[in-house]
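A.B. asks: Below is input07.cif; it holds mmCIF, C-alpha atoms.
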data_structure
loop_
_atom_site.group_PDB
_atom_site.id
_atom_site.type_symbol
_atom_site.label_atom_id
_atom_site.label_comp_id
_atom_site.auth_asym_id
_atom_site.auth_seq_id
_atom_site.Cartn_x
_atom_site.Cartn_y
_atom_site.Cartn_z
ATOM 1 C CA MET A 895 -30.988 -7.366 22.330
ATOM 2 C CA SER A 896 -31.393 -9.669 25.281
ATOM 3 C CA GLN A 897 -27.644 -10.099 25.831
ATOM 4 C CA SER A 898 -25.644 -8.454 28.582
ATOM 5 C CA THR A 899 -24.387 -4.923 27.985
ATOM 6 C CA GLY A 900 -20.809 -6.218 27.545
ATOM 7 C CA GLY A 901 -21.973 -8.860 25.061
ATOM 8 C CA THR A 902 -24.014 -6.288 23.150
ATOM 9 C CA ARG A 903 -21.068 -3.922 22.960
ATOM 10 C CA GLU A 904 -18.846 -6.714 21.616
ATOM 11 C CA ARG A 905 -21.529 -7.684 19.103
ATOM 12 C CA ILE A 906 -21.741 -4.073 17.884
ATOM 13 C CA GLN A 907 -17.954 -3.954 17.543
ATOM 14 C CA ALA A 908 -17.908 -7.209 15.556
ATOM 15 C CA VAL A 909 -20.701 -6.165 13.177
ATOM 16 C CA ALA A 910 -19.262 -2.674 12.695
ATOM 17 C CA LEU A 911 -15.838 -4.140 11.973
ATOM 18 C CA GLU A 912 -17.396 -6.500 9.441
ATOM 19 C CA LEU A 913 -19.171 -3.628 7.671
ATOM 20 C CA PHE A 914 -16.165 -1.286 7.842
ATOM 21 C CA THR A 915 -14.026 -3.985 6.249
ATOM 22 C CA GLU A 916 -16.628 -4.904 3.592
ATOM 23 C CA GLN A 917 -17.715 -1.384 2.602
ATOM 24 C CA GLY A 918 -15.090 0.903 4.091
ATOM 25 C CA TYR A 919 -15.418 3.159 7.095
ATOM 26 C CA GLU A 920 -16.640 6.198 5.162
ATOM 27 C CA LYS A 921 -19.362 4.262 3.316
ATOM 28 C CA THR A 922 -20.790 2.605 6.429
ATOM 29 C CA SER A 923 -23.451 4.399 8.470
ATOM 30 C CA LEU A 924 -24.627 3.823 12.019
ATOM 31 C CA ARG A 925 -28.043 3.030 10.528
ATOM 32 C CA GLU A 926 -26.521 0.149 8.534
ATOM 33 C CA ILE A 927 -24.794 -1.183 11.627
ATOM 34 C CA ALA A 928 -28.068 -1.036 13.588
ATOM 35 C CA GLU A 929 -29.952 -2.758 10.742
ATOM 36 C CA ARG A 930 -27.432 -5.596 10.507
ATOM 37 C CA LEU A 931 -27.691 -6.041 14.274
ATOM 38 C CA GLY A 932 -31.487 -5.945 14.149
ATOM 39 C CA VAL A 933 -31.726 -3.056 16.637
ATOM 40 C CA THR A 934 -32.824 0.551 16.539
ATOM 41 C CA LYS A 935 -30.349 3.353 16.022
ATOM 42 C CA ALA A 936 -31.224 4.560 19.545
ATOM 43 C CA ALA A 937 -30.184 1.187 20.986
ATOM 44 C CA LEU A 938 -26.887 1.457 19.118
ATOM 45 C CA TYR A 939 -26.394 5.035 20.413
ATOM 46 C CA TYR A 940 -26.677 3.733 23.970
ATOM 47 C CA HIS A 941 -23.326 1.993 23.460
ATOM 48 C CA PHE A 942 -21.628 4.149 20.809
ATOM 49 C CA LYS A 943 -22.515 7.711 19.794
ATOM 50 C CA SER A 944 -20.475 7.610 16.575
ATOM 51 C CA LYS A 945 -18.420 5.450 14.247
ATOM 52 C CA ASP A 946 -15.342 7.141 15.697
ATOM 53 C CA GLU A 947 -16.255 5.791 19.148
ATOM 54 C CA ILE A 948 -16.483 2.283 17.725
ATOM 55 C CA VAL A 949 -13.055 2.587 16.097
ATOM 56 C CA ASN A 950 -11.641 4.094 19.297
ATOM 57 C CA SER A 951 -12.873 1.035 21.187
ATOM 58 C CA TYR A 952 -10.685 -1.242 18.994
ATOM 59 C CA VAL A 953 -7.724 1.056 19.366
ATOM 60 C CA GLU A 954 -8.063 1.452 23.146
ATOM 61 C CA ASP A 955 -7.757 -2.304 23.616
ATOM 62 C CA ARG A 956 -4.694 -2.424 21.381
ATOM 63 C CA LEU A 957 -3.105 0.591 23.097
ATOM 64 C CA HIS A 958 -3.561 -1.072 26.473
ATOM 65 C CA ARG A 959 -1.810 -4.224 25.241
ATOM 66 C CA MET A 960 1.027 -2.177 23.767
ATOM 67 C CA ASP A 961 1.441 -0.184 26.996
ATOM 68 C CA GLU A 962 1.783 -3.441 28.939
ATOM 69 C CA LEU A 963 4.531 -4.578 26.568
ATOM 70 C CA ILE A 964 6.358 -1.246 26.764
ATOM 71 C CA ASP A 965 6.185 -1.309 30.570
ATOM 72 C CA TRP A 966 7.468 -4.893 30.651
ATOM 73 C CA ALA A 967 10.370 -4.095 28.314
ATOM 74 C CA ARG A 968 11.434 -1.072 30.363
ATOM 75 C CA ASP A 969 12.437 -3.360 33.250
ATOM 76 C CA GLN A 970 14.326 -5.863 31.086
ATOM 77 C CA PRO A 971 17.985 -5.911 30.017
ATOM 78 C CA ALA A 972 18.707 -4.659 26.475
ATOM 79 C CA THR A 973 19.558 -8.083 25.050
ATOM 80 C CA ARG A 974 18.610 -10.086 21.993
ATOM 81 C CA ALA A 975 16.662 -12.491 24.214
ATOM 82 C CA THR A 976 14.598 -9.599 25.615
ATOM 83 C CA ARG A 977 13.943 -8.273 22.115
ATOM 84 C CA GLN A 978 12.851 -11.709 20.928
ATOM 85 C CA ALA A 979 10.544 -12.115 23.931
ATOM 86 C CA LEU A 980 9.049 -8.658 23.350
ATOM 87 C CA VAL A 981 8.397 -9.360 19.665
ATOM 88 C CA SER A 982 6.960 -12.785 20.489
ATOM 89 C CA GLN A 983 4.563 -11.217 23.022
ATOM 90 C CA TYR A 984 3.620 -8.552 20.466
ATOM 91 C CA ALA A 985 2.900 -11.285 17.912
ATOM 92 C CA ASP A 986 0.764 -13.124 20.461
ATOM 93 C CA THR A 987 -1.404 -9.999 20.863
ATOM 94 C CA MET A 988 -1.647 -9.480 17.090
ATOM 95 C CA PHE A 989 -2.673 -13.078 16.485
ATOM 96 C CA ALA A 990 -5.178 -13.242 19.351
ATOM 97 C CA THR A 991 -8.830 -13.910 18.612
ATOM 98 C CA GLY A 992 -10.417 -11.092 16.634
ATOM 99 C CA GLN A 993 -7.176 -9.256 15.921
ATOM 100 C CA PRO A 994 -6.832 -10.371 12.284
ATOM 101 C CA SER A 995 -10.098 -8.600 11.453
ATOM 102 C CA VAL A 996 -8.966 -5.489 13.291
ATOM 103 C CA MET A 997 -5.637 -5.536 11.424
ATOM 104 C CA ARG A 998 -7.437 -5.844 8.080
ATOM 105 C CA PHE A 999 -9.643 -2.909 9.032
ATOM 106 C CA PHE A 1000 -6.594 -0.808 9.978
ATOM 107 C CA GLU A 1001 -4.885 -1.700 6.709
ATOM 108 C CA GLN A 1002 -7.949 -0.892 4.567
ATOM 109 C CA ASN A 1003 -8.832 2.347 6.367
ATOM 110 C CA GLN A 1004 -5.469 4.017 6.969
ATOM 111 C CA THR A 1005 -6.658 7.438 5.822
ATOM 112 C CA VAL A 1006 -9.462 7.440 8.382
ATOM 113 C CA LEU A 1007 -7.170 6.265 11.155
ATOM 114 C CA LYS A 1008 -4.688 9.057 10.468
ATOM 115 C CA SER A 1009 -7.417 11.651 10.988
ATOM 116 C CA LEU A 1010 -8.679 10.190 14.279
ATOM 117 C CA THR A 1011 -7.011 10.776 17.642
ATOM 118 C CA ALA A 1012 -6.954 7.009 18.069
ATOM 119 C CA GLY A 1013 -4.838 6.619 14.941
ATOM 120 C CA GLN A 1014 -2.376 9.231 16.175
ATOM 121 C CA GLN A 1015 -2.156 7.410 19.508
ATOM 122 C CA MET A 1016 -1.459 4.141 17.684
ATOM 123 C CA ARG A 1017 1.382 5.737 15.766
ATOM 124 C CA GLU A 1018 2.914 7.143 18.956
ATOM 125 C CA ARG A 1019 2.692 3.739 20.708
ATOM 126 C CA MET A 1020 4.238 1.969 17.716
ATOM 127 C CA PHE A 1021 7.246 4.283 17.964
ATOM 128 C CA ARG A 1022 7.491 3.715 21.724
ATOM 129 C CA LEU A 1023 7.345 -0.036 21.177
ATOM 130 C CA ALA A 1024 10.028 0.238 18.481
ATOM 131 C CA ASP A 1025 12.153 2.246 20.937
ATOM 132 C CA ALA A 1026 11.733 -0.557 23.476
ATOM 133 C CA ILE A 1027 12.911 -3.071 20.875
ATOM 134 C CA CYS A 1028 16.074 -1.135 20.058
ATOM 135 C CA GLN A 1029 16.727 -0.089 23.675
ATOM 136 C CA GLY A 1030 20.490 0.232 24.119
ATOM 137 C CA ASP A 1031 21.110 0.972 20.419
ATOM 138 C CA ASP A 1032 19.705 4.341 19.369
ATOM 139 C CA SER A 1033 21.342 4.356 15.955
ATOM 140 C CA PRO A 1034 19.139 5.247 12.982
ATOM 141 C CA ARG A 1035 19.756 1.742 11.597
ATOM 142 C CA ALA A 1036 18.463 0.153 14.823
ATOM 143 C CA GLN A 1037 15.430 2.457 14.887
ATOM 144 C CA LEU A 1038 14.513 1.427 11.351
ATOM 145 C CA ARG A 1039 15.079 -2.258 12.059
ATOM 146 C CA ALA A 1040 12.916 -2.087 15.203
ATOM 147 C CA THR A 1041 10.086 -0.415 13.293
ATOM 148 C CA LEU A 1042 10.356 -2.999 10.503
ATOM 149 C CA VAL A 1043 10.266 -5.786 13.103
ATOM 150 C CA LEU A 1044 6.829 -4.564 14.208
ATOM 151 C CA PHE A 1045 5.741 -4.105 10.618
ATOM 152 C CA ALA A 1046 6.793 -7.694 9.809
ATOM 153 C CA VAL A 1047 4.433 -8.948 12.499
ATOM 154 C CA HIS A 1048 1.357 -6.830 11.872
ATOM 155 C CA SER A 1049 1.648 -6.615 8.091
ATOM 156 C CA SER A 1050 1.686 -10.396 7.756
ATOM 157 C CA TRP A 1051 -2.126 -10.219 7.663
ATOM 158 C CA PHE A 1052 -2.098 -8.506 4.284
ATOM 159 C CA ALA A 1053 1.449 -8.935 2.937
ATOM 160 C CA VAL A 1054 1.362 -12.751 2.997
ATOM 161 C CA ARG A 1055 -1.257 -13.454 0.353
ATOM 162 C CA SER A 1056 -1.198 -17.250 0.234
ATOM 163 C CA GLN A 1057 -4.766 -18.538 0.579
ATOM 164 C CA ASP A 1058 -3.915 -21.865 2.217
ATOM 165 C CA ILE A 1059 -1.746 -20.610 5.064
ATOM 166 C CA THR A 1060 -2.858 -21.068 8.660
ATOM 167 C CA ASP A 1061 -2.611 -18.352 11.292
ATOM 168 C CA ASP A 1062 0.109 -20.349 13.063
ATOM 169 C CA GLU A 1063 2.137 -20.579 9.839
ATOM 170 C CA ARG A 1064 1.636 -16.865 9.180
ATOM 171 C CA LYS A 1065 2.799 -16.037 12.708
ATOM 172 C CA LYS A 1066 5.843 -18.309 12.362
ATOM 173 C CA ILE A 1067 6.875 -16.602 9.119
ATOM 174 C CA ALA A 1068 6.374 -13.148 10.638
ATOM 175 C CA LEU A 1069 8.513 -14.054 13.656
ATOM 176 C CA GLU A 1070 11.253 -15.518 11.446
ATOM 177 C CA VAL A 1071 11.460 -12.308 9.411
ATOM 178 C CA ALA A 1072 11.330 -10.208 12.586
ATOM 179 C CA ASP A 1073 14.156 -12.262 14.093
ATOM 180 C CA GLU A 1074 16.323 -11.680 11.016
ATOM 181 C CA LEU A 1075 15.791 -7.939 11.463
ATOM 182 C CA LEU A 1076 16.665 -8.123 15.167
ATOM 183 C CA THR A 1077 20.086 -9.485 14.265
ATOM 184 C CA GLY A 1078 21.289 -6.021 13.278
ATOM 185 C CA ILE A 1079 20.421 -4.338 16.590
ATOM 186 C CA ASP A 1080 23.399 -4.151 18.957
ATOM 187 C CA GLU A 1081 23.234 -5.321 22.547
ATOM 188 C CA SER A 1082 24.409 -2.893 25.188
#
Represent the supplied structure as structure tokens.

C.D. replies:
Amino acid sequence: MSQSTGGTRERIQAVALELFTEQGYEKTSLREIAERLGVTKAALYYHFKSKDEIVNSYVEDRLHRMDELIDWARDQPATRATRQALVSQYADTMFATGQPSVMRFFEQNQTVLKSLTAGQQMRERMFRLADAICQGDDSPRAQLRATLVLFAVHSSWFAVRSQDITDDERKKIALEVADELLTGIDES
């Protein structure tokens, strides 16, 4: 492994994600990750002590992005334009390089995520982001719509099953559906 430490860490994350998605989290061992990388288990341990640490590394990046969005929204007026901008920024983060693979992993390994602290943190942030979307309208209807708006964006990776769709087309469809859901949230 003659790459920089940062590059090695990213390579481990990419290979682990590939294996977790192919075989499932539970069926993938650190030994298999090390073998696919062509390194010793000790070299892998230098960067990550467990599979949980690898998963946490994906989640930490996503949590940071979500926190930035929540902080941004807090200082904005509770208008449709703000909601649309927030959802558009969220979609940009979900469609960024590498995120589709992470989303597929999350979708295929939901049981594991629920048992990890990282998964619980993701759930809490999703609710905070939904609250930011329906800011100014705390009705149960608005809360559900805001949650479904987020789901429309991140579920587009597995709910839209067309083989010949581009990422840009998938994102456009997700944002159109999200925008329809935003229509029912009142402005304050």

A.B. asks: Hey, which of A:Ala1040, A:Ala985, A:Ala990, A:Ile1079 ends up closest to Ile1067 in chain A? Count all atoms listed in the file.

C.D. replies: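 The answer is A:Ala985, which sits nearest to Ile1067 in chain A.
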
A.B. asks: Kindly give the distance, in Å, that separates CA of Lys1066 in chain A and CA of Met997 in chain A, rounded to a single decimal.

C.D. replies: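 Calculated distance between CA of Lys1066 in chain A and CA of Met997 in chain A is 17.2 Å.
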
A.B. asks: Counting all atoms listed in the file, which residue out of A:Arg1022, A:Met988, A:Ser982, A:Ser1050 sits closest to Asp1073 in chain A?

C.D. replies: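 Among A:Arg1022, A:Met988, A:Ser982, A:Ser1050, it is A:Ser982 that comes nearest to Asp1073 in chain A.
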
A.B. asks: Applying the PyMOL selection byres ((chain A and resi 978) around 9) to the file I just gave you, which residues come out? Please list them as an NGL selection string.

C.D. replies: :A and (973-977 or 979-983 or 1027 or 1069 or 1072-1073 or 1076)

A.B. asks: With the PyMOL selection byres ((chain A and resi 1038) around 12) as the selection, what would be picked from this file? Answer as an mmCIF file with C-alpha atoms, in the coordinates of the input, please.

C.D. replies:
data_model
loop_
_atom_site.group_PDB
_atom_site.id
_atom_site.type_symbol
_atom_site.label_atom_id
_atom_site.label_comp_id
_atom_site.auth_asym_id
_atom_site.auth_seq_id
_atom_site.Cartn_x
_atom_site.Cartn_y
_atom_site.Cartn_z
ATOM 1 C CA PHE A 1021 7.246 4.283 17.964
ATOM 2 C CA ALA A 1024 10.028 0.238 18.481
ATOM 3 C CA ASP A 1025 12.153 2.246 20.937
ATOM 4 C CA ILE A 1027 12.911 -3.071 20.875
ATOM 5 C CA CYS A 1028 16.074 -1.135 20.058
ATOM 6 C CA ASP A 1031 21.110 0.972 20.419
ATOM 7 C CA ASP A 1032 19.705 4.341 19.369
ATOM 8 C CA SER A 1033 21.342 4.356 15.955
ATOM 9 C CA PRO A 1034 19.139 5.247 12.982
ATOM 10 C CA ARG A 1035 19.756 1.742 11.597
ATOM 11 C CA ALA A 1036 18.463 0.153 14.823
ATOM 12 C CA GLN A 1037 15.430 2.457 14.887
ATOM 13 C CA ARG A 1039 15.079 -2.258 12.059
ATOM 14 C CA ALA A 1040 12.916 -2.087 15.203
ATOM 15 C CA THR A 1041 10.086 -0.415 13.293
ATOM 16 C CA LEU A 1042 10.356 -2.999 10.503
ATOM 17 C CA VAL A 1043 10.266 -5.786 13.103
ATOM 18 C CA LEU A 1044 6.829 -4.564 14.208
ATOM 19 C CA PHE A 1045 5.741 -4.105 10.618
ATOM 20 C CA LEU A 1075 15.791 -7.939 11.463
ATOM 21 C CA LEU A 1076 16.665 -8.123 15.167
ATOM 22 C CA GLY A 1078 21.289 -6.021 13.278
ATOM 23 C CA ILE A 1079 20.421 -4.338 16.590
#

A.B. asks: Which neighbours of Leu957 in chain A fall inside 8 Å, counting all atoms listed in the file, when residues of the same chain fewer than 4 positions from it are skipped, and could you give them as a PyMOL selection string?

C.D. replies: chain A and resi 953+961+1015-1016+1019

A.B. asks: I need the output of the PyMOL selection byres ((chain A and resi 927-944) around 9) for this file as a list in words; which residues are they?

C.D. replies: Met895, Thr899, Thr902, Arg903, Arg905, Ile906, Val909, Ala910, Leu913, Thr922, Ser923, Leu924, Arg925, Glu926, Lys945, Asp946, Glu947, Ile948 and Val949 of chain A
